[in-house]
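Worksheet for the structure shown next.
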Amino acid sequence: MGFEILQSYNSLFLSNWRSREIARRLDVNIGSLEQFRSIFLHRQIFDAPHVNEFLLFKGRIVALQHRLATFRPERLADVFKGGYAETIVQGVVWFMITLVLLVLASIIATIVVNIVVR
Amino acid sequence: MTMKYVQGLCETICALWPNGKFYIGTDDLNLRDSMTPIHFHRPSADTSFLIAREFDKYFTDTGLLGHVIASDYRQLFRGAFPFLMDLGQEIPPRPDREKDMCIDAWYIEKGVFRFERTTFVREHLLVDSNRQVRIYVDEFDGTKYLVYFNHRIARLPSPHFSDSRALIYIWQILGAISHGFRDFAILQLSLPFQLEIP
C-alpha cells in the first residue's frame, strides 16, 4: 500500500517543475522520492505512465484516466477552459464559431463604415 | 459437497427464484433422485424448439432467462444471482485515448480538476463531487523507508569501516544464520545523510 502510494506520487509529481510545485502545495515530500531516483523514476521519460505496475490503485488510476479522457464541459467556464482530450469535432465547432463571428464582425464593420462615411 | 447436494441446493434456489430450470450433467448422479421431473433431464427435449413446445407440459413459461443447462457454477447460480454472469464475460479493451492519457499533476490541474490533500488512505486518487482529486499525504516520516522493506538496516560502527567488504560479509553471514538463509539484503549506511537516520 505504502509503496504504491509512493509510486503514485512518482507518476503524478515527478515529471516537471510545475508538478513539483503542486506537490509542494500539498505538502508531499518530493525529496524522499528523489532519494530513490533509480528505483522510482519512470523507465522511459517520454513514455505513458505504467498503470499496469499498480495493483491496489490501478482501478482508481484507470477511472481517473477515463474521467479525463471523457470529460465534457459541465459549466460555462469549462467551455473556455477546455477539456483534456479534445476531439476533432470540438475543433471543427470552434473553427465554425470563429468563422461566423468574423463574418458578423465584417458585416457590422461595413454597416458602421457606411453610416460614418455617409 | 456432493453433486447431489449441489443439485438440491440449486433446485431450492430455482424454487425461490423461478427464472428457469437447470441440472448438472454428471455420470454418477441418479437423475431419479432429483426433485424435478425426469423428462427435464432429457437433453433431446431442448434440441428442437417445436418438440420442446409440444411435449413439454410443464414450465411453459421459461421466465426471463430461459432454460439453463449448467456446465459451470456461474451458470448454475444464474437464476438467483444474474449479476454473476458478468464475471464470465471478457472485459472490453480500453481505448488508446484513455490508455495513453497523461496523469501528470500539472496537466490535470490545467483543466478543471484540482488536487486536494487528504489524511484518509481510502480516498487516495478518488475524485469527489467538487472535481477534486484526493491525494493521501501522511505526516509519518517512516514512509520513505518503505523501499527498505526487504532489508535489514544496521549501522556500521565507524564510517571508515564503510569500505571494507569483509564486515559486510560478516553481517550477511550473521544475518543468514539468525534468519535462516532467507532472501534479504543488508543496507549499508555509510553515506553522511544515511548516518543521520535515527
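Following the order of the C-alpha cells, first chain is A, next is B, and so on, with residues numbered from 1 inside each chain and ligands from 1 in the order they appear.
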
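Using only C-alpha atoms, the contacts of Lys58 of chain A at a cut-off of 12 Å, with sequence neighbours closer than 4 positions omitted, comprise Met1, Glu4, Ile5, Gln7, Ser8, Pro49, His50, Val51, Asn52, Glu53, Phe54, Val62, Ala63, Leu64 and Gln65 of chain A; Lys99, His124, Leu125 and Leu126 of chain B.
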
Residues as selected, C-alpha atoms, written as a PDB file, in the first residue's frame, can you do that?
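Once everything was written out, this is result-v5.pdb:
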ATOM      1  CA  MET A   1       0.000   0.000   0.000  1.00  0.00           C
ATOM      2  CA  GLU A   4       2.008   2.129  -4.299  1.00  0.00           C
ATOM      3  CA  ILE A   5       1.260   5.500  -2.749  1.00  0.00           C
ATOM      4  CA  GLN A   7       4.610   5.133  -6.902  1.00  0.00           C
ATOM      5  CA  SER A   8       1.528   7.257  -7.479  1.00  0.00           C
ATOM      6  CA  PRO A  49       2.616   6.142 -17.117  1.00  0.00           C
ATOM      7  CA  HIS A  50       2.654   2.457 -16.401  1.00  0.00           C
ATOM      8  CA  VAL A  51      -0.775   1.838 -14.962  1.00  0.00           C
ATOM      9  CA  ASN A  52      -0.217  -1.900 -15.016  1.00  0.00           C
ATOM     10  CA  GLU A  53       2.523  -1.554 -12.434  1.00  0.00           C
ATOM     11  CA  PHE A  54      -0.107  -0.669  -9.874  1.00  0.00           C
ATOM     12  CA  VAL A  62      -7.870   3.873 -14.752  1.00  0.00           C
ATOM     13  CA  ALA A  63     -11.039   5.610 -13.550  1.00  0.00           C
ATOM     14  CA  LEU A  64      -9.183   8.919 -13.369  1.00  0.00           C
ATOM     15  CA  GLN A  65      -7.852   8.455 -16.890  1.00  0.00           C
TER      16      GLN A  65
ATOM     17  CA  LYS B  99      -4.704   4.279 -22.016  1.00  0.00           C
ATOM     18  CA  HIS B 124      -6.342   8.351  -2.323  1.00  0.00           C
ATOM     19  CA  LEU B 125      -6.724   9.123  -6.067  1.00  0.00           C
ATOM     20  CA  LEU B 126     -10.507   9.388  -5.834  1.00  0.00           C
TER      21      LEU B 126
END

Next on the checklist: Please check the contacts: residues of chain B at most 9 Å away from chain A, using only C-alpha atoms, listed as a ChimeraX atom specification.
Outcome noted: /B:97-113,115-117,121,124-127,133,135-138,143-147

Checklist entry - Expressed in Å to a single decimal, how great is the separation between atom CA of Leu56 of chain A and atom CA of Arg122 of chain B? => result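 Atom-to-atom, atom CA of Leu56 of chain A and atom CA of Arg122 of chain B are spaced 10.8 Å apart.
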
Next on the checklist: Which of chain A end up as helix (DSSP H, G or I) when DSSP is run on this backbone - answer as a ChimeraX atom specification?
Outcome noted: /A:2-13,17-25,30-34,37-40,51-53,58-69,76-81,88-117

Based on the selection just made, write C-alpha atoms of those residues as a short mmCIF file (atom, residue, chain, number, x, y, z; two decimals), in the first residue's frame.
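Dumped everything to result_27.cif:
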data_model
loop_
_atom_site.label_atom_id
_atom_site.label_comp_id
_atom_site.auth_asym_id
_atom_site.auth_seq_id
_atom_site.Cartn_x
_atom_site.Cartn_y
_atom_site.Cartn_z
CA GLY A 2 2.64 2.50 1.06
CA PHE A 3 4.82 1.52 -1.84
CA GLU A 4 2.01 2.13 -4.30
CA ILE A 5 1.26 5.50 -2.75
CA LEU A 6 4.87 6.47 -3.34
CA GLN A 7 4.61 5.13 -6.90
CA SER A 8 1.53 7.26 -7.48
CA TYR A 9 3.41 10.32 -6.17
CA ASN A 10 6.10 9.49 -8.69
CA SER A 11 3.65 9.27 -11.58
CA LEU A 12 1.86 12.46 -10.58
CA PHE A 13 4.51 14.84 -9.32
CA TRP A 17 8.74 21.51 -12.10
CA ARG A 18 5.13 22.66 -12.23
CA SER A 19 4.01 19.31 -10.86
CA ARG A 20 6.62 19.63 -8.15
CA GLU A 21 5.09 22.97 -7.21
CA ILE A 22 1.72 21.27 -6.84
CA ALA A 23 3.35 18.60 -4.68
CA ARG A 24 4.88 21.32 -2.53
CA ARG A 25 1.44 22.89 -2.14
CA ILE A 30 9.25 15.03 -3.01
CA GLY A 31 12.77 14.88 -1.61
CA SER A 32 12.16 11.48 -0.12
CA LEU A 33 11.13 10.22 -3.54
CA GLU A 34 14.12 11.67 -5.33
CA ARG A 37 15.60 8.00 -8.04
CA SER A 38 16.90 4.82 -9.61
CA ILE A 39 14.04 2.79 -8.19
CA PHE A 40 11.17 5.16 -8.62
CA VAL A 51 -0.78 1.84 -14.96
CA ASN A 52 -0.22 -1.90 -15.02
CA GLU A 53 2.52 -1.55 -12.43
CA LYS A 58 -4.87 0.53 -10.71
CA GLY A 59 -8.65 0.80 -10.79
CA ARG A 60 -8.60 4.33 -9.44
CA ILE A 61 -5.96 5.49 -11.91
CA VAL A 62 -7.87 3.87 -14.75
CA ALA A 63 -11.04 5.61 -13.55
CA LEU A 64 -9.18 8.92 -13.37
CA GLN A 65 -7.85 8.45 -16.89
CA HIS A 66 -11.34 7.57 -18.09
CA ARG A 67 -12.70 10.68 -16.38
CA LEU A 68 -10.04 12.84 -18.06
CA ALA A 69 -10.47 11.28 -21.48
CA LEU A 76 -19.96 27.65 -18.79
CA ALA A 77 -16.43 28.25 -17.55
CA ASP A 78 -15.43 24.75 -18.59
CA VAL A 79 -16.08 25.58 -22.23
CA PHE A 80 -13.35 28.18 -22.27
CA LYS A 81 -11.01 26.21 -20.06
CA ILE A 88 -11.76 16.84 -33.75
CA VAL A 89 -15.48 17.68 -33.56
CA GLN A 90 -14.84 20.30 -30.91
CA GLY A 91 -12.09 21.82 -33.03
CA VAL A 92 -14.42 21.98 -36.01
CA VAL A 93 -17.12 23.61 -33.88
CA TRP A 94 -14.74 26.27 -32.61
CA PHE A 95 -13.49 26.88 -36.15
CA MET A 96 -17.05 27.37 -37.39
CA ILE A 97 -17.86 29.68 -34.47
CA THR A 98 -14.77 31.75 -35.28
CA LEU A 99 -15.76 31.96 -38.94
CA VAL A 100 -19.30 33.07 -38.09
CA LEU A 101 -18.00 35.69 -35.67
CA LEU A 102 -15.60 37.04 -38.32
CA VAL A 103 -18.37 37.28 -40.90
CA LEU A 104 -20.67 39.01 -38.43
CA ALA A 105 -17.90 41.42 -37.43
CA SER A 106 -17.19 42.26 -41.08
CA ILE A 107 -20.89 42.91 -41.76
CA ILE A 108 -21.16 45.16 -38.71
CA ALA A 109 -17.96 46.97 -39.68
CA THR A 110 -19.28 47.53 -43.20
CA ILE A 111 -22.54 48.96 -41.87
CA VAL A 112 -20.74 51.22 -39.40
CA VAL A 113 -18.32 52.48 -42.06
CA ASN A 114 -21.18 53.20 -44.46
CA ILE A 115 -23.05 55.14 -41.79
CA VAL A 116 -19.96 57.14 -40.80
CA VAL A 117 -18.96 57.92 -44.40
#
